[in-house]
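Participant: Just one file: work-v5.cif, with mmCIF, C-alpha atoms and all ligand atoms.
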```cif
data_start
#
loop_
_atom_site.label_atom_id
_atom_site.label_comp_id
_atom_site.auth_asym_id
_atom_site.auth_seq_id
_atom_site.Cartn_x
_atom_site.Cartn_y
_atom_site.Cartn_z
CA MET O 21 124.58 139.89 -34.25
CA HIS O 22 121.00 139.19 -35.21
CA SER O 23 119.69 142.19 -37.13
CA ARG O 24 116.10 142.92 -36.33
CA LYS O 25 113.73 143.44 -39.22
CA ARG O 26 110.96 146.00 -38.86
CA ILE O 27 107.80 144.21 -39.83
CA LEU O 28 104.34 145.69 -40.34
CA VAL O 29 101.33 143.44 -39.79
CA THR O 30 98.06 145.01 -40.91
CA GLY O 31 95.04 143.43 -39.23
CA GLY O 32 97.46 142.42 -36.48
CA ALA O 33 94.82 142.51 -33.74
CA GLY O 34 92.72 139.85 -35.47
CA PHE O 35 92.77 136.10 -35.23
CA LEU O 36 95.60 135.29 -37.66
CA GLY O 37 97.33 138.65 -37.20
CA SER O 38 97.78 138.25 -33.46
CA HIS O 39 99.37 134.82 -33.90
CA LEU O 40 101.63 136.22 -36.60
CA CYS O 41 102.75 139.18 -34.41
CA GLU O 42 103.51 136.75 -31.59
CA ARG O 43 105.53 134.45 -33.83
CA LEU O 44 107.53 137.34 -35.33
CA LEU O 45 108.31 138.77 -31.88
CA ASN O 46 109.44 135.31 -30.75
CA GLU O 47 111.83 135.30 -33.69
CA GLY O 48 113.33 138.56 -32.43
CA GLN O 49 111.78 140.93 -34.97
CA ASP O 50 110.45 144.44 -34.40
CA VAL O 51 106.71 144.35 -35.04
CA LEU O 52 104.28 147.17 -35.82
CA CYS O 53 100.64 146.09 -35.67
CA VAL O 54 98.18 148.32 -37.51
CA ASP O 55 94.47 147.73 -36.97
CA ASN O 56 91.21 149.66 -36.87
CA PHE O 57 89.79 147.16 -34.34
CA PHE O 58 86.72 146.41 -36.43
CA THR O 59 86.89 142.67 -35.75
CA GLY O 60 90.20 142.50 -33.92
CA THR O 61 90.65 143.34 -30.23
CA LYS O 62 93.39 144.43 -27.88
CA ASP O 63 92.63 141.31 -25.84
CA ASN O 64 94.26 139.29 -28.61
CA LEU O 65 97.48 141.26 -28.07
CA ILE O 66 97.44 141.91 -24.36
CA HIS O 67 100.18 139.38 -23.66
CA LEU O 68 102.47 141.11 -26.19
CA LEU O 69 102.02 144.73 -25.13
CA ALA O 70 104.84 144.71 -22.57
CA ASN O 71 107.37 143.76 -25.25
CA PRO O 72 109.38 146.88 -26.19
CA HIS O 73 109.77 145.56 -29.73
CA PHE O 74 106.03 145.60 -30.26
CA GLU O 75 103.93 148.63 -31.24
CA VAL O 76 100.22 148.91 -31.91
CA MET O 77 98.76 151.68 -34.05
CA ARG O 78 95.06 152.36 -34.54
CA HIS O 79 94.74 153.04 -38.24
CA ASP O 80 92.39 152.17 -41.08
CA VAL O 81 94.24 150.81 -44.12
CA THR O 82 91.84 152.56 -46.49
CA PHE O 83 93.94 155.64 -45.65
CA PRO O 84 97.61 156.00 -46.60
CA LEU O 85 100.24 155.06 -44.06
CA TYR O 86 103.76 156.45 -43.73
CA VAL O 87 106.12 154.26 -41.72
CA GLU O 88 109.57 152.78 -42.23
CA VAL O 89 109.47 149.00 -42.49
CA ASP O 90 111.32 146.15 -44.20
CA GLU O 91 108.42 143.73 -44.63
CA ILE O 92 104.63 143.98 -44.72
CA TYR O 93 102.07 141.28 -44.06
CA ASN O 94 98.75 142.64 -45.30
CA LEU O 95 96.01 140.88 -43.34
CA ALA O 96 93.58 143.73 -42.68
CA CYS O 97 90.09 142.69 -43.80
CA PRO O 98 87.13 141.19 -41.98
CA ALA O 99 87.13 137.48 -42.83
CA SER O 100 83.76 136.09 -41.81
CA PRO O 101 80.53 136.63 -43.79
CA ILE O 102 78.75 138.20 -40.79
CA HIS O 103 81.45 140.85 -40.48
CA TYR O 104 82.28 141.45 -44.12
CA GLN O 105 78.60 141.73 -45.04
CA TYR O 106 77.93 144.22 -42.23
CA ASP O 107 79.34 147.06 -44.36
CA PRO O 108 80.07 145.56 -47.79
CA VAL O 109 81.30 148.82 -49.33
CA GLN O 110 83.86 149.20 -46.55
CA THR O 111 84.89 145.55 -47.11
CA THR O 112 85.71 146.17 -50.76
CA LYS O 113 87.45 149.41 -49.82
CA THR O 114 89.53 147.62 -47.20
CA SER O 115 90.69 145.05 -49.74
CA VAL O 116 91.19 147.39 -52.68
CA HIS O 117 92.17 150.75 -51.16
CA GLY O 118 93.99 148.84 -48.43
CA ALA O 119 96.04 147.00 -51.08
CA ILE O 120 96.76 150.24 -52.97
CA ASN O 121 97.89 151.99 -49.78
CA MET O 122 100.05 149.13 -48.53
CA LEU O 123 101.55 148.54 -51.99
CA GLY O 124 102.25 152.28 -52.22
CA LEU O 125 103.99 152.09 -48.87
CA ALA O 126 105.98 149.03 -49.96
CA LYS O 127 107.05 150.88 -53.10
CA ARG O 128 108.16 153.99 -51.18
CA VAL O 129 110.24 152.11 -48.63
CA GLN O 130 111.16 149.16 -50.89
CA ALA O 131 109.62 146.65 -48.51
CA LYS O 132 108.67 143.10 -49.37
CA ILE O 133 104.91 142.61 -49.10
CA LEU O 134 102.73 139.56 -48.53
CA GLN O 135 99.02 139.52 -49.22
CA ALA O 136 96.61 137.37 -47.20
CA SER O 137 94.37 136.30 -50.04
CA THR O 138 91.79 133.58 -49.80
CA SER O 139 90.40 130.39 -51.25
CA GLU O 140 87.27 132.48 -51.88
CA VAL O 141 88.99 133.71 -55.07
CA TYR O 142 88.08 130.26 -56.44
CA GLY O 143 84.40 130.92 -55.71
CA ASP O 144 82.19 127.86 -56.12
CA PRO O 145 84.82 125.73 -57.87
CA GLU O 146 84.32 123.30 -60.75
CA ILE O 147 87.72 121.75 -60.00
CA HIS O 148 88.43 119.79 -56.88
CA PRO O 149 90.87 120.18 -55.18
CA GLN O 150 91.79 123.68 -56.37
CA PRO O 151 95.28 124.28 -57.77
CA GLU O 152 96.64 127.84 -58.01
CA SER O 153 96.26 127.74 -61.79
CA TYR O 154 92.45 127.58 -61.48
CA TRP O 155 90.86 130.97 -62.22
CA GLY O 156 87.77 130.43 -60.14
CA ARG O 157 84.03 130.76 -60.49
CA VAL O 158 82.91 133.81 -58.59
CA ASN O 159 79.59 135.64 -58.64
CA PRO O 160 80.46 139.33 -59.18
CA ILE O 161 77.16 140.70 -57.84
CA GLY O 162 76.19 138.45 -54.93
CA ILE O 163 76.29 139.08 -51.20
CA ARG O 164 79.73 137.48 -50.87
CA SER O 165 81.18 139.45 -53.78
CA CYS O 166 82.40 142.37 -51.66
CA TYR O 167 84.85 139.97 -50.08
CA ASP O 168 85.60 137.60 -52.99
CA GLU O 169 85.96 140.27 -55.67
CA GLY O 170 87.75 142.63 -53.29
CA LYS O 171 90.35 139.94 -52.66
CA ARG O 172 90.59 139.13 -56.38
CA CYS O 173 91.17 142.79 -57.22
CA ALA O 174 93.79 142.99 -54.47
CA GLU O 175 95.64 140.09 -56.12
CA THR O 176 95.47 141.95 -59.44
CA LEU O 177 96.97 145.03 -57.81
CA PHE O 178 99.75 142.99 -56.24
CA PHE O 179 100.68 141.45 -59.58
CA ASP O 180 100.52 144.79 -61.40
CA TYR O 181 102.73 146.48 -58.80
CA HIS O 182 105.14 143.62 -59.30
CA ARG O 183 105.08 143.88 -63.12
CA GLN O 184 104.99 147.66 -63.26
CA HIS O 185 107.18 148.62 -60.29
CA GLN O 186 109.21 145.44 -59.67
CA LEU O 187 107.83 145.19 -56.16
CA ARG O 188 108.75 142.08 -54.19
CA ILE O 189 105.35 140.47 -53.60
CA LYS O 190 104.04 137.21 -52.15
CA VAL O 191 100.41 136.16 -52.48
CA ALA O 192 99.05 133.45 -50.17
CA ARG O 193 95.61 131.95 -50.76
CA ILE O 194 94.44 130.89 -47.34
CA PHE O 195 91.90 128.14 -46.86
CA ASN O 196 89.71 127.82 -43.74
CA THR O 197 91.90 128.27 -40.71
CA TYR O 198 90.87 127.87 -37.10
CA GLY O 199 92.29 128.08 -33.62
CA PRO O 200 92.34 130.11 -30.41
CA ARG O 201 91.38 133.83 -30.75
CA MET O 202 88.88 133.26 -33.51
CA HIS O 203 86.08 135.73 -33.01
CA PRO O 204 83.45 133.99 -30.88
CA ASN O 205 80.37 135.38 -32.60
CA ASP O 206 81.22 135.59 -36.25
CA GLY O 207 79.36 132.53 -37.42
CA ARG O 208 82.46 130.72 -38.65
CA VAL O 209 81.80 127.05 -38.52
CA VAL O 210 84.44 125.81 -36.08
CA SER O 211 83.94 128.52 -33.44
CA ASN O 212 80.17 128.37 -33.86
CA PHE O 213 79.97 124.63 -33.37
CA ILE O 214 82.33 124.67 -30.38
CA LEU O 215 80.36 127.39 -28.60
CA GLN O 216 77.04 125.72 -29.30
CA ALA O 217 78.43 122.40 -28.07
CA LEU O 218 79.87 123.95 -24.90
CA ARG O 219 76.48 125.54 -24.16
CA ASN O 220 74.61 122.32 -25.01
CA GLU O 221 72.63 124.26 -27.62
CA PRO O 222 71.57 122.70 -30.94
CA ILE O 223 74.41 122.73 -33.52
CA THR O 224 73.19 124.67 -36.56
CA VAL O 225 74.22 123.00 -39.80
CA PHE O 226 73.32 124.78 -43.04
CA GLY O 227 72.12 122.54 -45.86
CA ASP O 228 72.24 118.78 -45.31
CA GLY O 229 75.75 118.92 -43.87
CA THR O 230 77.31 116.89 -46.72
CA GLN O 231 79.21 119.92 -48.06
CA THR O 232 82.90 119.46 -47.29
CA ARG O 233 85.52 121.79 -45.87
CA SER O 234 89.19 121.53 -45.00
CA PHE O 235 90.43 123.04 -41.76
CA CYS O 236 93.96 124.24 -41.10
CA TYR O 237 95.22 124.89 -37.59
CA VAL O 238 96.54 128.42 -37.10
CA ASP O 239 100.13 127.47 -36.13
CA ASP O 240 100.53 125.55 -39.38
CA LEU O 241 99.27 128.50 -41.39
CA ILE O 242 101.61 130.99 -39.68
CA GLU O 243 104.53 128.67 -40.42
CA GLY O 244 103.48 128.76 -44.08
CA PHE O 245 103.34 132.60 -44.04
CA ILE O 246 106.87 132.89 -42.65
CA ARG O 247 108.29 130.38 -45.10
CA LEU O 248 106.57 132.15 -47.99
CA MET O 249 107.92 135.56 -46.96
CA ASN O 250 111.42 134.06 -46.88
CA THR O 251 111.34 132.55 -50.37
CA GLU O 252 113.60 133.95 -53.09
CA ASN O 253 112.40 137.19 -54.72
CA GLU O 254 111.46 135.39 -57.94
CA PHE O 255 108.80 133.37 -56.15
CA ILE O 256 105.68 135.50 -55.86
CA GLY O 257 102.82 133.00 -55.73
CA PRO O 258 99.91 132.77 -55.66
CA ILE O 259 100.28 129.80 -53.36
CA ASN O 260 97.64 127.80 -51.54
CA LEU O 261 98.02 127.40 -47.79
CA GLY O 262 95.58 125.10 -46.09
CA ASN O 263 94.97 121.62 -44.87
CA PRO O 264 93.79 119.18 -47.54
CA GLY O 265 92.22 116.84 -44.97
CA GLU O 266 88.55 116.91 -45.97
CA PHE O 267 85.58 116.60 -43.65
CA THR O 268 81.87 117.08 -44.14
CA ILE O 269 80.27 119.74 -41.99
CA LEU O 270 78.25 117.01 -40.34
CA GLU O 271 81.41 115.07 -39.44
CA LEU O 272 82.86 118.22 -37.90
CA ALA O 273 79.71 118.82 -35.86
CA GLU O 274 79.69 115.24 -34.60
CA LYS O 275 83.39 115.32 -33.70
CA ILE O 276 82.96 118.51 -31.70
CA VAL O 277 79.93 117.16 -29.86
CA GLU O 278 81.93 114.06 -28.97
CA MET O 279 85.06 115.95 -27.87
CA THR O 280 83.14 118.38 -25.66
CA GLU O 281 80.92 115.60 -24.28
CA SER O 282 78.02 117.82 -25.20
CA LYS O 283 74.31 117.08 -25.11
CA SER O 284 73.75 119.18 -28.26
CA THR O 285 71.59 117.89 -31.08
CA ILE O 286 72.10 118.76 -34.76
CA ASP O 287 69.75 121.29 -36.33
CA LEU O 288 69.65 121.38 -40.17
CA ARG O 289 68.87 124.84 -41.69
CA PRO O 290 68.47 126.14 -45.28
CA LEU O 291 71.71 126.84 -47.15
CA PRO O 292 72.59 130.55 -47.62
CA SER O 293 73.16 131.74 -51.20
CA ASP O 294 76.54 131.28 -52.90
CA ASP O 295 77.76 128.89 -50.21
CA PRO O 296 80.36 126.72 -51.95
CA ARG O 297 79.74 122.94 -51.89
CA GLN O 298 83.33 121.83 -51.64
CA ARG O 299 86.61 123.46 -50.84
CA LYS O 300 89.93 121.71 -50.57
CA PRO O 301 93.42 123.03 -51.29
CA ASP O 302 95.89 121.43 -53.63
CA ILE O 303 99.10 122.12 -51.69
CA THR O 304 101.59 120.55 -54.10
CA LEU O 305 103.18 123.94 -54.78
CA ALA O 306 103.60 124.71 -51.06
CA GLY O 307 105.25 121.29 -50.64
CA GLU O 308 107.69 122.05 -53.46
CA LYS O 309 108.46 125.70 -52.80
CA LEU O 310 108.14 125.97 -49.03
CA LYS O 311 108.72 122.36 -47.99
CA TRP O 312 105.52 122.95 -46.06
CA LYS O 313 102.60 120.82 -45.09
CA PRO O 314 100.22 121.03 -42.13
CA GLU O 315 101.45 119.08 -39.11
CA ILE O 316 98.53 119.48 -36.70
CA ASN O 317 95.59 117.18 -37.27
CA LEU O 318 91.97 118.16 -36.66
CA GLU O 319 91.71 116.36 -33.34
CA LYS O 320 94.80 118.07 -31.89
CA GLY O 321 93.82 121.48 -33.23
CA LEU O 322 90.27 121.14 -31.97
CA THR O 323 91.52 120.20 -28.50
CA LYS O 324 93.44 123.51 -28.26
CA THR O 325 90.58 125.51 -29.73
CA ILE O 326 87.96 123.96 -27.47
CA LYS O 327 90.14 124.75 -24.45
CA TYR O 328 90.40 128.39 -25.56
CA PHE O 329 86.63 128.80 -25.89
CA ALA O 330 85.93 126.91 -22.67
CA ASP O 331 88.31 129.31 -20.82
CA LEU O 332 86.71 132.30 -22.55
CA GLN O 333 83.31 131.25 -21.27
CA LYS O 334 84.58 131.15 -17.70
CA LYS O 335 85.75 134.79 -17.90
N1 LIG W 1 90.85 132.77 -40.99
C1 LIG W 1 90.66 132.26 -42.18
O1 LIG W 1 90.21 131.11 -42.29
C2 LIG W 1 91.02 133.02 -43.43
C3 LIG W 1 90.82 132.38 -44.67
C4 LIG W 1 91.14 133.09 -45.83
C5 LIG W 1 91.67 134.36 -45.77
N2 LIG W 1 91.86 134.96 -44.56
C6 LIG W 1 92.40 136.31 -44.55
O2 LIG W 1 93.34 136.50 -43.53
C7 LIG W 1 93.23 137.80 -42.98
C8 LIG W 1 93.02 137.72 -41.48
O3 LIG W 1 91.84 137.00 -41.22
P1 LIG W 1 91.36 136.65 -39.74
O4 LIG W 1 90.72 135.33 -39.78
O5 LIG W 1 92.48 136.88 -38.79
O6 LIG W 1 90.20 137.71 -39.55
P2 LIG W 1 89.97 138.81 -38.40
O7 LIG W 1 88.68 139.46 -38.69
O8 LIG W 1 90.16 138.18 -37.06
O9 LIG W 1 91.16 139.82 -38.64
C9 LIG W 1 91.12 140.89 -39.53
C10 LIG W 1 91.72 142.09 -38.85
O10 LIG W 1 91.71 143.19 -39.76
C11 LIG W 1 91.25 144.33 -39.07
N3 LIG W 1 90.68 145.26 -40.06
C12 LIG W 1 89.54 145.11 -40.79
N4 LIG W 1 89.35 146.17 -41.60
C13 LIG W 1 90.41 147.00 -41.39
C14 LIG W 1 90.79 148.26 -41.91
N5 LIG W 1 90.04 148.87 -42.85
N6 LIG W 1 91.93 148.83 -41.46
C15 LIG W 1 92.69 148.22 -40.52
N7 LIG W 1 92.38 147.04 -39.98
C16 LIG W 1 91.26 146.43 -40.41
C17 LIG W 1 90.25 143.82 -38.07
O11 LIG W 1 89.98 144.70 -37.01
C18 LIG W 1 90.94 142.53 -37.62
O12 LIG W 1 91.81 142.76 -36.55
C19 LIG W 1 92.08 138.49 -43.72
O13 LIG W 1 92.60 139.28 -44.75
C20 LIG W 1 91.29 137.33 -44.29
O14 LIG W 1 90.62 137.70 -45.47
C21 LIG W 1 91.53 134.31 -43.40
#
```
Take the structure in this file and express it as structure tokens.
Ligand SMILES: NC(=O)c1ccc[n+]([C@@H]2O[C@H](COP(=O)([O-])OP(=O)(O)OC[C@H]3O[C@@H](n4cnc5c(N)ncnc54)[C@H](O)[C@@H]3O)[C@@H](O)[C@H]2O)c1
Facilitator:
Amino acid sequence: MHSRKRILVTGGAGFLGSHLCERLLNEGQDVLCVDNFFTGTKDNLIHLLANPHFEVMRHDVTFPLYVEVDEIYNLACPASPIHYQYDPVQTTKTSVHGAINMLGLAKRVQAKILQASTSEVYGDPEIHPQPESYWGRVNPIGIRSCYDEGKRCAETLFFDYHRQHQLRIKVARIFNTYGPRMHPNDGRVVSNFILQALRNEPITVFGDGTQTRSFCYVDDLIEGFIRLMNTENEFIGPINLGNPGEFTILELAEKIVEMTESKSTIDLRPLPSDDPRQRKPDITLAGEKLKWKPEINLEKGLTKTIKYFADLQKK
């Protein structure tokens, strides 16, 4: 008989979290979603609520949590600059106190724990593409630091809990991921461009648009999460998960205008501070350890994402 695991997903009502909960339920697991609904919504989970193996708990991870679980995916943290800069102190607390509380929980119940870290730990990188061995170039006192340094400190805590308490940890460094259920108004580039294109409004490009980004479709990322959680205990990461296909921001804007048959023009604006010029994952390690690589190309992923936002607008 299939034995159900009890799996905690913090930040489970958010973009990535809701896809992860869905995937885990489809695999027959028992899922507890914990979220304070800062950026996540119940709408993201509405289709899962009737499942008796799914529970949702309103809780802020900056406070301790006492539950019995076998595995923890720690995703709680606002991910877009607009949201994480809204209350920067709370952002750092969510990453740091959240990590301490979830690691403490993992220690008490001997659960395996995965951290959703980020390519932002590499800051504005001098190495391109970024391998996991690169230590990063991060401004400790800038407006993005609450997120970047919070995530770096969380990684430190994960590794120290592993060294000090032999906790089974997994650290994933996620690069730009997109797909249905991204927050519509958080200024992230893919959702922003799609909404502007659907409304025939000018597409706002910061800088001259030659800065590059790589975009990973959500289903590919979730597959990477699951494979990482299932690796042998000795493998702890950090491991890059992302799509190395590189596009300039201008190329992305033009592609979205074309795919939505939009009348939008492109509006160049000044670049915000600390915006990295280039970001691209080196996913050699994920290929070796997880036998993983992204399968969904930009065109296919954008088609699904555009459909989601077009439907959302009709509601
Ligand atoms: N989407 C990406 O491209 C990307 C890239 C790198 C890293 N990540 C990381 O992945 C995770 C999920 O990102 P996402 O894109 O789904 O963002 P999201 O904002 O949609 O999801 C984050 C979730 O965490 C919840 N949350 C925030 N603070 C909380 C707190 N104190 N207590 C409990 N819940 C809290 C929010 O309500 C939301 O549901 C984040 O940790 C983010 O840093 C995402």
Participant: Please write out the residues within 8 Å of ligand LIG 1 (chain W) as a ChimeraX atom specification, counting only C-alpha atoms and all ligand atoms.
Facilitator: /O:30-38,54-61,78-82,94-100,103,110-111,113-115,118,135-140,167,171,193-198,201-203,236
Participant: Just want the 8 Å neighbourhood of region 305-317 of chain O, counted on only C-alpha atoms, with same-chain residues fewer than 6 positions away dropped. Output as a list of chain:residue names.
Facilitator: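 In the requested form, the answer reads O:Cys236, O:Tyr237, O:Asp240, O:Leu241, O:Gly244, O:Arg247, O:Leu248, O:Thr251, O:Ile259, O:Asn260, O:Leu261, O:Gly262, O:Asn263.
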Participant: Export C-alpha atoms of the chosen residues as a PDB file, keeping the file's coordinate frame?
Facilitator:
```pdb
ATOM      1  CA  CYS O 236      93.960 124.240 -41.100  1.00  0.00           C
ATOM      2  CA  TYR O 237      95.220 124.890 -37.590  1.00  0.00           C
ATOM      3  CA  ASP O 240     100.530 125.550 -39.380  1.00  0.00           C
ATOM      4  CA  LEU O 241      99.270 128.500 -41.390  1.00  0.00           C
ATOM      5  CA  GLY O 244     103.480 128.760 -44.080  1.00  0.00           C
ATOM      6  CA  ARG O 247     108.290 130.380 -45.100  1.00  0.00           C
ATOM      7  CA  LEU O 248     106.570 132.150 -47.990  1.00  0.00           C
ATOM      8  CA  THR O 251     111.340 132.550 -50.370  1.00  0.00           C
ATOM      9  CA  ILE O 259     100.280 129.800 -53.360  1.00  0.00           C
ATOM     10  CA  ASN O 260      97.640 127.800 -51.540  1.00  0.00           C
ATOM     11  CA  LEU O 261      98.020 127.400 -47.790  1.00  0.00           C
ATOM     12  CA  GLY O 262      95.580 125.100 -46.090  1.00  0.00           C
ATOM     13  CA  ASN O 263      94.970 121.620 -44.870  1.00  0.00           C
TER      14      ASN O 263
END
```
Participant: Which value, in Å to one decimal, gives the distance between CA of Thr280 (chain O) and CA of Gln216 (chain O)?
Facilitator: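 Separation of CA of Thr280 (chain O) and CA of Gln216 (chain O): 10.2 Å.
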Participant: Pick from O:Ile223, O:Leu69, O:Ile161, O:Ile269: nearest to Lys283 (chain O), with all atoms listed in the file counted?
Facilitator: O:Ile223
Participant: Could you work out an axis-aligned box for region 179-198 of chain O, taking every atom the file lists and adding 6 Å on each side, and report centre and edge lengths in Å to one decimal, as lines of an AutoDock Vina configuration file?
Facilitator:
```
center_x = 99.5
center_y = 138.2
center_z = -50.2
size_x = 31.5
size_y = 32.8
size_z = 38.2
```
Participant: Which residue out of O:Gly124, O:Pro145, O:Pro264, O:Pro151 has the minimum interatomic distance to Leu318 (chain O) when only C-alpha atoms are used?
Facilitator: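 When distances to Leu318 (chain O) are compared using only C-alpha atoms, the smallest one comes from O:Pro264.
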Participant: Looking at all atoms listed in the file, which of O:Pro301, O:Ser211, O:Pro200, O:Val191 is the one that sits closest to Glu266 (chain O)?
Facilitator: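 Comparing O:Pro301, O:Ser211, O:Pro200, O:Val191 against Glu266 (chain O), the winner is O:Pro301.
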